[in-house]
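All remarks here apply to the structure that follows.
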Amino acid sequence: MKNKYLYIQTFGCQMNVHDSEQMAALLAGSGYKTTDNLKMADLILLNTCSIREKAAQKAYSELGRMVLLKNQNPELIIGVGGCLAQHLGSRFHKRIGHLDFVFGTHNIHRLPEMVAAVSREREKITRTDFYKTVHSIGIYAPPATGTASAFVTIMQGCNNYCAYCVVPYLRGSEMSRPPGEIIEEIKKLADQGIKEVTLLGQNVNSYGKNLEQYLNFPALIRKIGKIPGIKRIRFTTSHPRDLSPELINCFSAEEKLCRHIHLPVQSGSNRILNLMNRGYSVEEYLQKIDLLRQACPRISITSDIIVGFPGETQNDYQETIDMMEKIRFDSTFSFKYSDRRGTAAEKLEGKIMESEKQRRLKLLQDLQDEHTLAKNTELEGSRQELLIEGKSKNSENDLMGRTSSWKIVNFKGDQALIGQLKQVTITKAYLHSLRGKLLEEVGNVD
Ligand code: SAH
Ligand code: SF4
Ligand code: F3S
C-alpha cells in the first residue's frame, strides 16, 4: 500500500503543540506518517489559535496558501482544528472554500473518522461539540527518537473568564485529569527515555478541584518527583491568584522541580487588574514574587503583560513599568490588547488607538530587553546543568540545551549528547541565549 503523509502546522500555545502531537499519534493508527515536506502531504492539518486577532490572521493567510495546493492534487485533504476552528465552526468553510473539515478543541478523537468520511464521500464536515471530558486528553504521543522532554496534559479548559480572554469559550470548563492516569503516562514516557516533563493546563494551580479523591497540585508534583528516570519537572501556566505557599515551598523542597516559574501578571495597575477580572492586586503579586525568591533565590521568573487594555491611562501604564523595575523579570511575553468577540473587555469603553498601543509596547519591550540581558549576564562564569535538546539554531556544529531556569545555552559538543543532562560553564550572555563550554568533570551546579 502507498504511504500516506500528514503535514501539521501548529499555531498558539504549548497546549496546541501537544494537541498536534496527539493528532499525529492518532492518525498514525490510520496509516499516516508525518512529514515536514508540505508538497508530499496527502493530509494537511492546521491547528489554529484565536487568542489575538493577529493569531487568527496568520491562520487565514496560511490556509489561503495551502488550499491552492489542491489545484495540483485534487485528492489532497485539508482540515483545520484548534481554537479558531472552535470559534468559527462551519463559518470557516464559508471563509475558506476547499476546506474539507473543521474540528474543535473537544473533537480531536474523531479525526480518523472525519478523515475517512472525507476520503469516501468528499463531504464537508464540521465538528465543534463540547463534551464533559476531552476524549483525546489521554492519547499517548510517543516521543520522537532523541527527544528527552515531553508535554503531559493535567487539566483541560478554564473557568477564570479574564475579561480579555477567549480561552474559556474555546476550550470549555476546567476539569482535572485523574492523577493515576497522569502518573501512568509519565512512567511510560520515562521508560521511553524521557527525562523532563512539562505539565500543561491553563491554570495548573487549581488542579484537583473536581477530582473524586482530592489531590492538589503540589501533591501531584511530589508524586511525579518519585518516578524513576524523570529528572526535571516543569509546569505551565500558573495563575498568580492561586499560587499557594505549598506550591512555592515545592521550589525549595522538590529537587526535580525546575527553577523557573511563568507567572503572568498582565498589568501593574490595580484598577486595570480589577477590570481584567484577575482576582489579585499588584501588592499581592509582589508578595508572591518575594516568597518565591526566598524559597529559591536563583529562580527565574517570566511573565505575560498586556498593554493598552481598554481604559488604560498613561498612569496605569507607568504603574506597569514601575512594577517591572521592581521585579526585573527574566523575560516577558508582551502583547497589545486585542478585542475578542464575546469577551467582557470587548464591551468596555476607552479603547486605545493602535499607534498608542504600539508605542507603549515598544518602550516596555526595550525595558524588558535591558532586564533580560542584565539577568543573563549575572550567569556568566556560573556552572549550569543543561538538558541537551538538539542542534543549535545558530550553527550546524553547535548543540543547544536549556538550563533548569529555562534559558537557552549554545555550546560545542558531540551530537551523541542530545537527550542527555550535562554541565557547562557559561562563558557569554546575550539577549536571547547564553554561550557555554561543556565540562567534563561533575561538580555542583550554581
Ligand atoms: N492561561 C494562561 C494564558 C493563556 S493566553 C494564563 O492565564 O496565564 C497567553 C497570554 O495571551 C495571556 O497571558 C495574555 O497576556 C495574552 N492575551 C490573552 N488574551 C489577549 C487579548 N485579547 N489581547 C492581548 N493579549 C491577550
Ligand atoms: Fe485566559 Fe485567564 Fe483562563 Fe488564562 S486564566 S486562559 S488568561 S481566562
Ligand atoms: Fe491560542 Fe487556544 Fe492556546 S486560543 S493560546 S491555542 S488555548
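Letters A, B, ... go to the chains of the C-alpha cells in the order shown; residues in each chain start at 1; ligands are counted from 1 in the same order.
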
Apply DSSP to the backbone of this structure and, from region 185-364 of chain A, keep only the residues in strand (DSSP E or B); write these as a list in words. Glu196, Val197, Thr198, Leu199, Leu200, Arg232, Ile233, Arg234, Phe235, Thr236, Leu257, His260, Ile261, His262, Gln266, Ser300, Ile301, Thr302, Ser303, Asp304, Ile305, Ile306, Val307, Ser331, Thr332, Phe333, Ser334, Phe335 and Lys336 of chain A

Could you report the residues within 12 Å of ligand 2, using only C-alpha atoms and all ligand atoms, as a PyMOL selection string? chain A and resi 13+15+50-52+83+155-174+200-206+236-242+262-266+273+276-279+303-306+340+343-345

Pick the closest to ligand 1 from A:Arg122, A:Arg259, A:Lys393, A:Lys357: which is it, counting only C-alpha atoms and all ligand atoms?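 Smallest separation from ligand 1 among the options: A:Lys357.
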
Please provide the set of residues having any atom within 12 Å of His432 (chain A), restricted to only C-alpha atoms, with same-chain residues fewer than 4 positions apart removed, written as a compact mmCIF listing (two decimals) with C-alpha atoms, in the first residue's frame.
```txt
# COMPACT_ATOMS: atom_id res chain seq x y z
CA ASP A 330 13.96 37.25 33.39
CA SER A 331 11.80 37.67 30.32
CA THR A 332 8.24 38.57 29.39
CA GLN A 368 12.50 44.18 29.30
CA ASP A 369 15.45 43.66 26.94
CA GLU A 370 17.65 45.60 29.38
CA HIS A 371 16.47 43.45 32.27
CA THR A 372 16.84 40.20 30.33
CA LEU A 373 20.39 40.98 29.27
CA ALA A 374 21.33 42.03 32.82
CA LYS A 375 19.81 38.81 34.26
CA ASN A 376 21.61 36.68 31.66
CA THR A 377 24.91 38.49 32.32
CA LYS A 393 19.64 27.05 15.54
CA ASN A 394 22.64 29.34 15.07
CA TRP A 406 14.69 27.71 31.06
CA LYS A 407 17.50 29.66 29.41
CA ILE A 408 18.90 28.56 26.09
CA VAL A 409 22.61 27.70 26.02
CA ASN A 410 24.56 27.03 22.81
CA LYS A 428 28.99 34.73 27.49
```

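In this comparison, which uses only C-alpha atoms and all ligand atoms, the residue of A:Thr313, A:Ser267, A:Gln420, A:Ser404 approaching ligand 1 most closely is A:Ser267.
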
Quick one: of A:Lys226, A:Ala25, A:Gln86, A:Gln9, who's nearest to ligand 3, counting only C-alpha atoms and all ligand atoms?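 Selected residue with least distance to ligand 3: A:Gln86.
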
Neighbours of Pro297 (chain A) within 12 Å (only C-alpha atoms; same-chain residues fewer than 4 positions away dropped), as a PDB file with N, CA and C atoms, in the first residue's frame?
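So part-v1.pdb came out as:
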```pdb
ATOM      1  N   ILE A 248       4.786  27.188  46.403  1.00  0.00           N
ATOM      2  CA  ILE A 248       6.038  27.957  46.489  1.00  0.00           C
ATOM      3  C   ILE A 248       7.102  27.117  47.200  1.00  0.00           C
ATOM      4  N   PHE A 251       9.428  24.682  45.353  1.00  0.00           N
ATOM      5  CA  PHE A 251      10.642  25.146  44.667  1.00  0.00           C
ATOM      6  C   PHE A 251      11.894  24.978  45.526  1.00  0.00           C
ATOM      7  N   SER A 252      11.713  24.843  46.858  1.00  0.00           N
ATOM      8  CA  SER A 252      12.897  24.537  47.658  1.00  0.00           C
ATOM      9  C   SER A 252      12.934  23.060  48.020  1.00  0.00           C
ATOM     10  N   ARG A 259      13.938  25.420  38.296  1.00  0.00           N
ATOM     11  CA  ARG A 259      13.970  26.752  38.927  1.00  0.00           C
ATOM     12  C   ARG A 259      13.411  27.808  37.986  1.00  0.00           C
ATOM     13  N   HIS A 260      12.185  27.643  37.587  1.00  0.00           N
ATOM     14  CA  HIS A 260      11.555  28.616  36.684  1.00  0.00           C
ATOM     15  C   HIS A 260      10.057  28.625  36.917  1.00  0.00           C
ATOM     16  N   ILE A 289       6.090  37.096  44.616  1.00  0.00           N
ATOM     17  CA  ILE A 289       7.428  37.088  43.999  1.00  0.00           C
ATOM     18  C   ILE A 289       8.482  37.033  45.109  1.00  0.00           C
ATOM     19  N   ASP A 290       8.279  37.821  46.178  1.00  0.00           N
ATOM     20  CA  ASP A 290       9.227  37.799  47.310  1.00  0.00           C
ATOM     21  C   ASP A 290       9.328  36.399  47.896  1.00  0.00           C
ATOM     22  N   LEU A 291       8.170  35.777  48.113  1.00  0.00           N
ATOM     23  CA  LEU A 291       8.167  34.434  48.713  1.00  0.00           C
ATOM     24  C   LEU A 291       8.872  33.427  47.804  1.00  0.00           C
ATOM     25  N   LEU A 292       8.629  33.551  46.490  1.00  0.00           N
ATOM     26  CA  LEU A 292       9.292  32.642  45.546  1.00  0.00           C
ATOM     27  C   LEU A 292      10.807  32.809  45.617  1.00  0.00           C
ATOM     28  N   ARG A 293      11.237  34.077  45.694  1.00  0.00           N
ATOM     29  CA  ARG A 293      12.690  34.325  45.715  1.00  0.00           C
ATOM     30  C   ARG A 293      13.310  33.919  47.047  1.00  0.00           C
ATOM     31  N   ILE A 301      11.996  34.107  36.774  1.00  0.00           N
ATOM     32  CA  ILE A 301      10.564  34.436  36.746  1.00  0.00           C
ATOM     33  C   ILE A 301      10.236  35.108  35.426  1.00  0.00           C
ATOM     34  N   SER A 405      16.613  26.908  34.692  1.00  0.00           N
ATOM     35  CA  SER A 405      15.885  28.188  34.693  1.00  0.00           C
ATOM     36  C   SER A 405      15.315  28.542  33.311  1.00  0.00           C
ATOM     37  N   ASP A 446      25.770  25.838  40.030  1.00  0.00           N
ATOM     38  CA  ASP A 446      25.492  27.073  40.771  1.00  0.00           C
ATOM     39  C   ASP A 446      23.995  27.314  40.840  1.00  0.00           C
TER      40      ASP A 446
END
```

Can you tell me, as a list in words, what residues are no more than 7 Å from Thr427 (chain A) when counting only C-alpha atoms, ignoring any on the same chain fewer than 6 positions away?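 After dropping sequence-adjacent residues, the list is Glu380, Gly381, Arg435, Gly436 and Lys437 of chain A.
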
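Nearest to ligand 1 of all the residues A:Arg341, A:Lys70, A:Lys58, A:His98 is A:Arg341, based on only C-alpha atoms and all ligand atoms.
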